[in-house]
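Okay, start_38.txt now, which holds compact mmCIF, C-alpha atoms:
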# COMPACT_ATOMS: atom_id res chain seq x y z
CA MET A 8 -0.06 68.60 48.49
CA LYS A 9 -0.23 71.95 46.73
CA PRO A 10 -2.59 72.24 43.74
CA PRO A 11 -0.80 72.00 40.38
CA ARG A 12 0.06 75.37 38.85
CA VAL A 13 -0.64 75.43 35.11
CA PHE A 14 0.63 78.05 32.66
CA PHE A 15 -1.56 77.88 29.54
CA TYR A 16 -0.63 79.86 26.40
CA VAL A 17 -3.19 80.36 23.63
CA GLN A 18 -3.01 82.66 20.62
CA HIS A 19 -6.05 83.08 18.37
CA LEU A 20 -5.35 84.87 15.11
CA LEU A 21 -8.58 84.86 13.11
CA GLY A 22 -11.60 83.14 14.65
CA ILE A 23 -12.23 82.47 18.33
CA GLY A 24 -12.23 78.66 18.25
CA HIS A 25 -8.78 78.19 19.77
CA LEU A 26 -9.61 80.59 22.59
CA ALA A 27 -12.99 78.97 23.29
CA ARG A 28 -11.57 75.44 23.43
CA ALA A 29 -8.65 76.51 25.62
CA SER A 30 -11.02 78.34 27.97
CA ARG A 31 -13.12 75.20 28.33
CA LEU A 32 -10.00 73.18 29.14
CA ALA A 33 -8.81 75.77 31.65
CA ALA A 34 -12.17 75.78 33.43
CA ALA A 35 -12.06 71.98 33.73
CA MET A 36 -8.54 72.10 35.17
CA VAL A 37 -9.62 74.64 37.79
CA GLU A 38 -12.62 72.50 38.67
CA ALA A 39 -10.25 69.54 39.14
CA GLY A 40 -8.15 71.55 41.59
CA SER A 41 -5.43 73.18 39.48
CA GLU A 42 -4.44 76.83 39.59
CA VAL A 43 -4.39 78.12 36.01
CA VAL A 44 -2.68 81.18 34.57
CA MET A 45 -3.99 81.63 31.03
CA VAL A 46 -2.00 83.82 28.67
CA THR A 47 -3.89 85.16 25.67
CA GLY A 48 -2.54 87.22 22.80
CA GLY A 49 -5.40 87.76 20.36
CA LEU A 50 -8.13 90.35 20.02
CA PRO A 51 -10.19 90.49 23.24
CA VAL A 52 -13.42 88.47 23.24
CA PRO A 53 -16.00 89.15 25.98
CA GLY A 54 -16.39 86.16 28.30
CA PHE A 55 -13.08 84.50 27.40
CA PRO A 56 -11.20 83.26 29.26
CA GLY A 57 -13.60 82.63 32.11
CA PRO A 58 -13.40 84.09 35.61
CA GLU A 59 -12.00 80.84 37.01
CA VAL A 60 -8.48 81.53 35.76
CA THR A 61 -5.81 84.15 36.33
CA SER A 62 -5.71 85.99 33.00
CA VAL A 63 -2.59 87.53 31.47
CA VAL A 64 -3.31 89.56 28.33
CA LEU A 65 -0.45 90.28 25.94
CA ALA A 66 -0.57 93.15 23.45
CA PRO A 67 -3.07 91.75 20.89
CA VAL A 68 -2.09 90.55 17.45
CA GLN A 69 -4.22 89.13 14.66
CA ALA A 70 -3.65 87.59 11.25
CA SER A 71 -3.05 90.20 8.56
CA SER A 72 -5.27 88.19 6.17
CA ALA A 73 -7.61 85.20 6.08
CA GLY A 74 -4.64 83.18 4.82
CA PHE A 75 -2.76 83.84 8.11
CA ALA A 76 0.06 85.70 6.33
CA GLY A 77 1.75 88.15 8.68
CA LEU A 78 0.76 89.73 11.99
CA ALA A 79 -1.11 92.95 12.64
CA ASP A 80 -2.03 94.85 15.80
CA GLN A 81 -5.62 95.30 16.94
CA ASP A 82 -6.04 98.23 14.53
CA GLY A 83 -4.89 96.18 11.56
CA ASN A 84 -1.43 97.77 11.29
CA PRO A 85 1.61 95.54 10.67
CA VAL A 86 3.61 95.01 13.86
CA ASP A 87 7.29 95.97 14.08
CA GLU A 88 10.28 94.44 15.84
CA ARG A 89 9.93 96.63 18.91
CA PHE A 90 6.31 95.50 19.35
CA LEU A 91 7.31 91.83 19.10
CA GLU A 92 10.18 92.22 21.54
CA ALA A 93 7.88 93.84 24.10
CA ARG A 94 5.40 90.97 23.76
CA ARG A 95 8.16 88.39 24.16
CA ASP A 96 9.44 90.08 27.30
CA ALA A 97 5.92 90.28 28.76
CA LEU A 98 5.37 86.57 28.13
CA LEU A 99 8.66 85.58 29.75
CA SER A 100 7.94 87.79 32.74
CA ALA A 101 4.52 86.17 33.18
CA PHE A 102 6.10 82.71 33.03
CA ARG A 103 8.68 83.52 35.66
CA SER A 104 6.07 85.06 37.96
CA ALA A 105 3.77 82.04 37.64
CA ARG A 106 6.43 79.44 38.52
CA PRO A 107 4.24 76.70 37.02
CA ASP A 108 4.43 72.96 37.43
CA VAL A 109 2.95 72.40 33.97
CA VAL A 110 3.09 74.50 30.81
CA ILE A 111 0.58 73.90 28.01
CA ILE A 112 1.08 75.62 24.66
CA GLU A 113 -1.94 75.51 22.38
CA ALA A 114 -1.23 74.50 18.73
CA PHE A 115 2.55 75.05 18.64
CA PRO A 116 4.68 73.54 17.17
CA PHE A 117 2.08 71.99 14.83
CA GLY A 118 0.83 75.50 14.12
CA ARG A 119 1.33 79.12 15.19
CA ARG A 120 4.74 79.36 13.51
CA GLN A 121 4.13 83.13 13.38
CA MET A 122 4.66 83.17 17.16
CA ARG A 123 8.14 81.59 17.19
CA PHE A 124 9.60 84.99 18.09
CA GLU A 125 8.19 84.53 21.61
CA LEU A 126 7.58 80.79 21.88
CA LEU A 127 11.14 79.64 21.21
CA PRO A 128 12.42 81.96 23.99
CA LEU A 129 9.66 80.54 26.22
CA LEU A 130 10.91 77.00 25.52
CA ASP A 131 14.41 78.12 26.50
CA ALA A 132 13.07 79.63 29.74
CA ILE A 133 11.22 76.39 30.52
CA ASP A 134 14.37 74.31 30.03
CA ALA A 135 16.38 76.72 32.21
CA ALA A 136 13.84 76.70 35.07
CA SER A 137 14.61 74.77 38.24
CA PRO A 138 12.61 72.72 38.78
CA ARG A 139 11.69 72.41 35.11
CA PRO A 140 7.91 72.29 34.53
CA ARG A 141 6.37 69.56 32.39
CA LEU A 142 5.62 70.84 28.89
CA PHE A 143 2.74 69.74 26.66
CA THR A 144 1.23 70.91 23.41
CA SER A 145 -2.56 71.00 23.12
CA VAL A 146 -3.96 70.35 19.62
CA ARG A 147 -7.30 69.68 18.03
CA ASP A 148 -7.97 66.33 16.39
CA ILE A 149 -7.48 67.47 12.76
CA LEU A 150 -4.44 69.50 11.77
CA GLN A 151 -3.85 71.82 8.85
CA GLN A 152 -1.81 69.78 6.40
CA GLN A 153 1.60 71.27 5.63
CA LYS A 154 2.66 71.79 2.03
CA LYS A 155 6.15 73.21 2.57
CA PRO A 156 8.94 70.59 2.62
CA GLY A 157 10.55 70.07 6.00
CA ARG A 158 7.79 71.58 8.14
CA ASP A 159 6.60 68.26 9.59
CA GLU A 160 10.19 67.19 10.28
CA GLU A 161 10.82 70.47 12.08
CA THR A 162 7.71 69.89 14.22
CA VAL A 163 8.88 66.38 15.15
CA ALA A 164 12.34 67.69 16.07
CA LEU A 165 10.86 70.28 18.45
CA LEU A 166 8.45 67.78 20.01
CA THR A 167 11.17 65.17 20.49
CA SER A 168 13.70 67.53 22.04
CA ARG A 169 11.56 69.99 24.01
CA PHE A 170 8.09 68.60 24.82
CA ASP A 171 6.97 65.96 27.29
CA GLY A 172 3.75 65.10 25.49
CA VAL A 173 1.09 65.86 22.89
CA LEU A 174 -2.53 66.20 24.03
CA VAL A 175 -4.74 65.43 21.04
CA HIS A 176 -8.28 66.61 21.74
CA GLY A 177 -10.10 64.02 19.71
CA ASP A 178 -11.53 60.53 19.56
CA PRO A 179 -9.23 58.14 17.66
CA ASP A 180 -12.31 56.26 16.44
CA PHE A 181 -13.34 59.45 14.58
CA VAL A 182 -9.95 60.58 13.27
CA ARG A 183 -6.38 59.73 14.23
CA LEU A 184 -3.50 62.18 14.28
CA GLU A 185 -1.57 60.34 11.56
CA GLU A 186 -4.40 61.02 9.11
CA THR A 187 -3.46 64.72 9.01
CA PHE A 188 0.10 64.55 10.39
CA PRO A 189 2.03 61.92 8.42
CA LEU A 190 4.97 61.74 10.86
CA ALA A 191 2.83 60.93 13.92
CA GLY A 192 4.56 57.57 14.21
CA ALA A 193 7.79 59.33 15.16
CA ILE A 194 6.12 60.81 18.27
CA ALA A 195 3.72 57.97 19.05
CA ASP A 196 5.08 57.59 22.58
CA LYS A 197 4.16 61.21 23.36
CA ILE A 198 0.55 61.17 22.09
CA THR A 199 -2.46 61.07 24.42
CA TYR A 200 -6.00 61.23 23.02
CA THR A 201 -8.25 63.07 25.44
CA GLY A 202 -11.59 62.86 23.63
CA LEU A 203 -13.35 65.84 22.07
CA VAL A 204 -13.57 68.95 24.26
CA ALA A 205 -17.34 69.31 24.21
CA PRO A 206 -19.65 71.13 26.61
CA ALA A 207 -22.08 69.50 28.99
CA ALA A 208 -25.64 69.10 27.73
CA PRO A 209 -27.14 72.60 27.69
CA PRO A 210 -30.42 73.57 29.35
CA GLU A 211 -33.61 73.91 27.36
CA PRO A 212 -33.60 77.17 25.38
CA ALA A 213 -35.44 80.16 26.79
CA GLU A 214 -36.17 81.18 23.20
CA ARG A 215 -36.65 78.84 20.26
CA PHE A 216 -35.57 79.22 16.65
CA ASP A 217 -36.17 76.62 13.96
CA ILE A 218 -32.97 77.37 12.03
CA VAL A 219 -29.76 78.63 13.64
CA VAL A 220 -27.01 79.97 11.37
CA SER A 221 -23.61 80.70 12.94
CA ALA A 222 -20.45 82.14 11.39
CA GLY A 223 -17.95 81.41 14.17
CA GLY A 224 -15.88 84.46 15.04
CA GLY A 225 -17.31 86.16 11.98
CA ALA A 226 -14.08 87.39 10.41
CA VAL A 227 -14.69 85.21 7.35
CA GLY A 228 -18.44 84.57 7.70
CA ARG A 229 -19.91 87.34 5.53
CA ASP A 230 -20.81 85.10 2.59
CA LEU A 231 -22.46 82.48 4.81
CA ILE A 232 -24.58 85.12 6.53
CA GLY A 233 -25.48 86.79 3.22
CA GLY A 234 -26.38 83.50 1.57
CA SER A 235 -28.55 82.51 4.54
CA ILE A 236 -30.48 85.79 4.35
CA GLU A 237 -31.22 85.12 0.70
CA ALA A 238 -32.18 81.52 1.48
CA ALA A 239 -34.57 82.69 4.23
CA ARG A 240 -36.62 84.47 1.54
CA GLU A 241 -36.90 81.30 -0.54
CA VAL A 242 -37.26 78.36 1.85
CA ALA A 243 -38.68 77.81 5.34
CA THR A 244 -40.28 81.24 5.19
CA ASP A 245 -42.67 80.22 7.96
CA ARG A 246 -39.78 79.28 10.26
CA ARG A 247 -37.92 81.45 12.77
CA TRP A 248 -34.27 81.99 11.85
CA CYS A 249 -31.46 83.16 14.13
CA LEU A 250 -28.32 84.36 12.35
CA ILE A 251 -25.26 84.72 14.61
CA ALA A 252 -22.74 86.82 12.71
CA GLY A 253 -19.85 86.65 15.20
CA PRO A 254 -18.00 89.45 17.02
CA ASN A 255 -15.43 89.98 14.25
CA LEU A 256 -17.72 90.56 11.26
CA PRO A 257 -16.95 94.12 10.07
CA GLU A 258 -19.56 96.63 11.20
CA GLU A 259 -20.45 97.70 7.66
CA ASP A 260 -21.16 94.07 6.70
CA PHE A 261 -23.26 93.54 9.81
CA ALA A 262 -25.30 96.70 9.13
CA ALA A 263 -25.87 95.69 5.50
CA ALA A 264 -27.02 92.22 6.52
CA LYS A 265 -29.38 93.64 9.13
CA ALA A 266 -30.96 95.94 6.54
CA GLN A 267 -31.52 93.02 4.15
CA ALA A 268 -32.86 90.47 6.66
CA PRO A 269 -36.55 89.53 6.22
CA ALA A 270 -39.01 89.67 9.11
CA ASN A 271 -38.57 86.00 10.07
CA VAL A 272 -34.82 86.46 10.61
CA GLU A 273 -33.16 87.74 13.79
CA LEU A 274 -29.55 88.86 13.27
CA THR A 275 -27.17 89.13 16.20
CA ARG A 276 -23.43 89.10 16.77
CA PHE A 277 -23.26 86.68 19.68
CA ARG A 278 -25.54 84.43 21.72
CA ARG A 279 -24.19 83.13 25.00
CA ASP A 280 -26.98 80.55 24.90
CA PHE A 281 -25.84 79.19 21.51
CA PRO A 282 -25.64 75.54 22.71
CA SER A 283 -29.21 75.80 24.06
CA LEU A 284 -30.40 77.31 20.79
CA LEU A 285 -28.99 74.28 18.96
CA ARG A 286 -30.77 71.96 21.37
CA GLY A 287 -34.10 73.57 20.45
CA ALA A 288 -33.41 73.97 16.73
CA GLU A 289 -34.55 71.82 13.84
CA LEU A 290 -31.46 72.70 11.80
CA SER A 291 -28.04 74.33 12.18
CA VAL A 292 -26.10 75.96 9.33
CA SER A 293 -22.49 76.71 10.20
CA GLN A 294 -18.85 76.38 9.35
CA ALA A 295 -17.16 73.17 10.49
CA GLY A 296 -14.98 74.51 13.29
CA TYR A 297 -14.05 72.24 16.16
CA ASN A 298 -16.14 73.92 18.86
CA THR A 299 -19.25 74.35 16.73
CA VAL A 300 -19.15 70.68 15.75
CA CYS A 301 -18.77 69.67 19.40
CA ASP A 302 -21.85 71.76 20.24
CA LEU A 303 -23.73 70.05 17.39
CA LEU A 304 -22.74 66.56 18.56
CA VAL A 305 -24.08 67.35 22.02
CA ALA A 306 -27.31 68.92 20.69
CA GLY A 307 -28.06 66.24 18.12
CA CYS A 308 -29.82 68.56 15.66
CA ARG A 309 -29.66 68.38 11.87
CA SER A 310 -26.61 70.12 10.48
CA ILE A 311 -25.36 71.71 7.27
CA LEU A 312 -21.63 72.42 7.32
CA VAL A 313 -19.85 74.90 5.05
CA PRO A 314 -16.16 74.37 5.90
CA PHE A 315 -13.75 77.30 5.84
CA THR A 316 -11.19 76.72 3.06
CA THR A 317 -9.71 80.19 2.41
CA GLY A 318 -5.93 80.30 2.11
CA GLY A 319 -5.67 76.55 1.54
CA GLU A 320 -7.18 75.60 4.91
CA THR A 321 -8.02 71.87 5.00
CA GLU A 322 -8.97 71.14 8.62
CA GLN A 323 -12.67 71.98 8.43
CA SER A 324 -13.14 70.14 5.13
CA VAL A 325 -11.75 66.94 6.62
CA ARG A 326 -14.07 67.27 9.60
CA ALA A 327 -17.17 68.03 7.51
CA GLU A 328 -16.54 65.16 5.11
CA ARG A 329 -15.99 62.72 7.98
CA LEU A 330 -19.24 63.79 9.66
CA GLU A 331 -21.16 63.52 6.40
CA ARG A 332 -19.79 60.01 5.90
CA LEU A 333 -21.15 59.08 9.35
CA GLY A 334 -24.58 60.50 8.49
CA LEU A 335 -24.24 63.29 11.05
CA ALA A 336 -24.21 66.30 8.69
CA THR A 337 -24.54 67.58 5.13
CA ALA A 338 -21.38 69.19 3.73
CA LEU A 339 -21.43 72.02 1.19
CA PRO A 340 -18.43 73.72 -0.46
CA GLU A 341 -17.48 77.24 0.62
CA ALA A 342 -16.16 78.12 -2.85
CA GLY A 343 -19.00 78.75 -5.26
CA LEU A 344 -21.73 78.37 -2.65
CA THR A 345 -24.95 80.02 -3.83
CA ALA A 346 -28.18 80.85 -2.04
CA ALA A 347 -29.93 78.34 -4.31
CA MET A 348 -27.56 75.55 -3.24
CA LEU A 349 -28.05 76.48 0.40
CA SER A 350 -31.85 76.65 0.03
CA GLU A 351 -31.94 73.20 -1.56
CA ALA A 352 -29.82 71.71 1.20
CA ILE A 353 -31.96 73.33 3.90
CA ALA A 354 -35.19 71.98 2.39
CA ARG A 355 -33.68 68.50 2.04
CA SER A 356 -32.33 68.48 5.59
CA LEU A 357 -35.59 69.64 7.16
CA SER A 358 -37.48 66.86 5.36
CA GLY A 359 -35.20 64.15 6.74
CA PRO A 360 -34.81 62.67 10.24
CA LYS A 361 -32.52 64.02 12.91
CA PRO A 362 -29.18 62.17 13.12
CA SER A 363 -28.98 59.07 15.27
CA GLY A 364 -26.49 58.69 18.12
CA HIS A 365 -22.79 58.86 17.30
CA GLY A 366 -20.95 57.23 20.23
CA LEU A 367 -17.99 59.64 20.07
CA ASP A 368 -16.01 60.50 23.20
CA LEU A 369 -16.98 64.06 24.20
CA ASP A 370 -15.32 64.14 27.64
CA GLY A 371 -12.04 65.75 26.56
CA ALA A 372 -12.04 68.63 29.03
CA ARG A 373 -12.29 66.45 32.14
CA ARG A 374 -9.87 63.87 30.74
CA THR A 375 -7.33 66.63 30.07
CA ALA A 376 -7.71 68.00 33.59
CA ARG A 377 -7.23 64.50 35.00
CA PHE A 378 -4.14 63.97 32.84
CA VAL A 379 -2.55 67.19 34.10
CA GLY A 380 -2.96 66.07 37.69
CA GLN A 381 -1.55 62.61 36.96
CA ALA A 382 1.41 64.06 35.05
CA LEU A 383 2.79 65.42 38.32
CA SER A 384 2.24 62.25 40.32
CA PRO A 385 5.38 60.26 41.09
CA PRO A 386 5.60 56.98 39.13
CA GLY A 387 4.17 54.12 41.06

Hey, can you dump this file as structure tokens for me?
Amino acid sequence: MKPPRVFFYVQHLLGIGHLARASRLAAAMVEAGSEVVMVTGGLPVPGFPGPEVTSVVLAPVQASSAGFAGLADQDGNPVDERFLEARRDALLSAFRSARPDVVIIEAFPFGRRQMRFELLPLLDAIDAASPRPRLFTSVRDILQQQKKPGRDEETVALLTSRFDGVLVHGDPDFVRLEETFPLAGAIADKITYTGLVAPAAPPEPAERFDIVVSAGGGAVGRDLIGGSIEAAREVATDRRWCLIAGPNLPEEDFAAAKAQAPANVELTRFRRDFPSLLRGAELSVSQAGYNTVCDLLVAGCRSILVPFTTGGETEQSVRAERLERLGLATALPEAGLTAAMLSEAIARSLSGPKPSGHGLDLDGARRTARFVGQALSPPG
């Protein structure tokens, strides 16, 4: 039997969380015996996707603002119709060349409405293919809640008519899809919970820091990094701090932060050994993105979460509040956060015990890979 051929589309627009999670899933599918073509359309990020997959890179686009309004090219210029048509044609050509057995589209139609110009034609191409590949959407456990009337109904209509299933990368004992998608009951027969897509336990760190501060991709992490630098002058001054600014923090902000950092603070853009650093740390300060939280659950260190809420984003707040309720983190508001508030939370966290075990399902990558293989098996 030939290995399953998987065509995996992922578009990151602001941070790198979607790309990192999709890359982890793709690696697990390859390890399970699938051949994976991964199509990416965001700004390039070193190391993603991994070398295990066949990578197709579309002309990059990014969000024009932190509120995800509009699309811009990699230089920040608004894209025009000709640009979008060329991207669409490149995506369709890649699909036809791959001749996949399974297509996975990350986020859409729950999110990524900005990409309908190329994703709706891709759905048409999938339906016209012979044989038609199975089609799944891949979503995180907590969705951005829609405020515009009719959006959820539109999502259900697309899922019902075009998709074979919904892969929810979460543990239903932590949060269920209907908690952030009210119409989940209408697609209940399509939903599969895979567990959280977490990494394996990392090795012991080669270098130890007491406090690790991370700003995700960095595009919206300036205030968190700046507040942490101020806090490092006031609290835990005898501790080693590692501040990871992210690859997308503007260069002028990074340079300013580096000039202001005290001697006990090391500032860097990226650490490939981030999971190991968390394993050796006494405390993590971060946003509440999906991948960072998965790393924290594996590491088991103390955690302060400052969820991203710009542009009405709700996903990270739901996650941070749920973790705080379970005693696994301390949640602080992004709006109005001061260095004094952060310093107080750091001192309080360091004086308390590390969190106890959580019992959440962290095996989402392998479960997803197994599901893909079973999806092609004849019913028996």

Residues near range 132-142 of chain A, cut-off 10 Å, all atoms listed in the file, skip fewer than 6 positions along chain, as JSON, numbers by chain | {"A": [12, 13, 14, 99, 102, 103, 106, 107, 108, 109, 110, 111, 112, 126, 166, 169, 170, 171, 172, 173, 379, 382, 383]}

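Residue nearest Leu91 in chain A within the list A:Gly192, A:Lys154, A:Phe115, A:Phe124: A:Phe124 [criterion: smallest interatomic distance, all atoms listed in the file].
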
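As for CA of Gly234 in chain A and CA of Thr345 in chain A, they are spaced 6.6 Å apart.
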
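Ranking A:Pro360, A:Gly318, A:Pro85, A:Gly48 by their shortest atom-to-atom distance to Ala97 in chain A, with all atoms listed in the file included, puts A:Gly48 first.
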
Neighbour list for Ser293 in chain A as a PyMOL selection string, cut-off 9 Å, all atoms listed in the file, skip fewer than 5 positions in-chain = chain A and resi 219-223+231+299-300+310-314

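CA of Leu290 in chain A is found 17.5 Å from CA of Gly233 in chain A.
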
Residue neighbourhood Ile232 in chain A, 12 Å, only C-alpha atoms, exclusion window fewer than 5 positions, as an mmCIF file with C-alpha atoms, in the frame of the given file:
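New file out35.cif:
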data_model
loop_
_atom_site.group_PDB
_atom_site.id
_atom_site.type_symbol
_atom_site.label_atom_id
_atom_site.label_comp_id
_atom_site.auth_asym_id
_atom_site.auth_seq_id
_atom_site.Cartn_x
_atom_site.Cartn_y
_atom_site.Cartn_z
ATOM 1 C CA VAL A 219 -29.760 78.630 13.640
ATOM 2 C CA VAL A 220 -27.010 79.970 11.370
ATOM 3 C CA SER A 221 -23.610 80.700 12.940
ATOM 4 C CA ALA A 222 -20.450 82.140 11.390
ATOM 5 C CA GLY A 223 -17.950 81.410 14.170
ATOM 6 C CA GLY A 225 -17.310 86.160 11.980
ATOM 7 C CA ALA A 226 -14.080 87.390 10.410
ATOM 8 C CA VAL A 227 -14.690 85.210 7.350
ATOM 9 C CA GLU A 237 -31.220 85.120 0.700
ATOM 10 C CA ALA A 238 -32.180 81.520 1.480
ATOM 11 C CA ALA A 239 -34.570 82.690 4.230
ATOM 12 C CA TRP A 248 -34.270 81.990 11.850
ATOM 13 C CA CYS A 249 -31.460 83.160 14.130
ATOM 14 C CA LEU A 250 -28.320 84.360 12.350
ATOM 15 C CA ILE A 251 -25.260 84.720 14.610
ATOM 16 C CA ALA A 252 -22.740 86.820 12.710
ATOM 17 C CA GLY A 253 -19.850 86.650 15.200
ATOM 18 C CA LEU A 256 -17.720 90.560 11.260
ATOM 19 C CA ASP A 260 -21.160 94.070 6.700
ATOM 20 C CA PHE A 261 -23.260 93.540 9.810
ATOM 21 C CA ALA A 262 -25.300 96.700 9.130
ATOM 22 C CA ALA A 263 -25.870 95.690 5.500
ATOM 23 C CA ALA A 264 -27.020 92.220 6.520
ATOM 24 C CA LYS A 265 -29.380 93.640 9.130
ATOM 25 C CA GLN A 267 -31.520 93.020 4.150
ATOM 26 C CA ALA A 268 -32.860 90.470 6.660
ATOM 27 C CA VAL A 272 -34.820 86.460 10.610
ATOM 28 C CA GLU A 273 -33.160 87.740 13.790
ATOM 29 C CA LEU A 274 -29.550 88.860 13.270
ATOM 30 C CA THR A 275 -27.170 89.130 16.200
ATOM 31 C CA ARG A 276 -23.430 89.100 16.770
ATOM 32 C CA VAL A 292 -26.100 75.960 9.330
ATOM 33 C CA SER A 293 -22.490 76.710 10.200
ATOM 34 C CA GLN A 294 -18.850 76.380 9.350
ATOM 35 C CA VAL A 313 -19.850 74.900 5.050
ATOM 36 C CA LEU A 344 -21.730 78.370 -2.650
ATOM 37 C CA THR A 345 -24.950 80.020 -3.830
ATOM 38 C CA ALA A 346 -28.180 80.850 -2.040
ATOM 39 C CA LEU A 349 -28.050 76.480 0.400
#

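Closest approach to Leu367 in chain A among A:Ala266, A:Leu339, A:Leu330, A:Ala295 is made by A:Leu330 (distances from all atoms listed in the file).
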
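The nearest approach to Ala270 in chain A among the residues A:Tyr297, A:Thr321, A:Glu328, A:Ile236, with all atoms listed in the file taken into account, belongs to A:Ile236.
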
Which range 257-295 of chain A residues have any atom within 12 Å of an atom of range 52-76 of chain A, and for each, what is the nearest pair of atoms with distance in Å to one decimal, counting all atoms listed in the file, rows sorted by chain and number, as a tab-separated table?
residue	atom	partner	partner_atom	distance
A:Arg276	CA	A:Pro53	CA	11.8
A:Phe277	CA	A:Pro53	CA	9.9
A:Arg278	CA	A:Gly54	CA	11.4
A:Arg279	CA	A:Gly54	CA	9.0

Distance CA of Arg215 in chain A-CA of Ala288 in chain A, one decimal place?
-> 6.8 Å

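For range 371-377 of chain A, the set of protein, DNA and RNA residues having any atom at most 10 Å away, when counting all atoms listed in the file and skipping those fewer than 5 positions along the same chain, is Arg28, Ala29, Ser30, Arg31, Leu32, Ala33, Ala34, Ala35, Met36, Val37, Glu38, Ala39, Gly40, Ser41, Ser145, Leu174, Val175, His176, Gly177, Asp178, Thr199, Tyr200, Thr201, Gly202, Leu203, Val204, Ala205, Pro206 and Ala382 of chain A.
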
Just need the box for range 30-45 of chain A, edges along x, y and z, holding every atom the file lists for it with 6 Å tacked onto each side, so centre and edge lengths in Å to one decimal, as lines of an AutoDock Vina configuration file.
center_x = -7.9
center_y = 75.6
center_z = 34.8
size_x = 22.4
size_y = 24.1
size_z = 25.6

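Here the question is which of A:Ser235, A:Val325, A:Phe143, A:Asp196 gets nearest to Ala352 in chain A using all atoms listed in the file, and that residue is A:Ser235.
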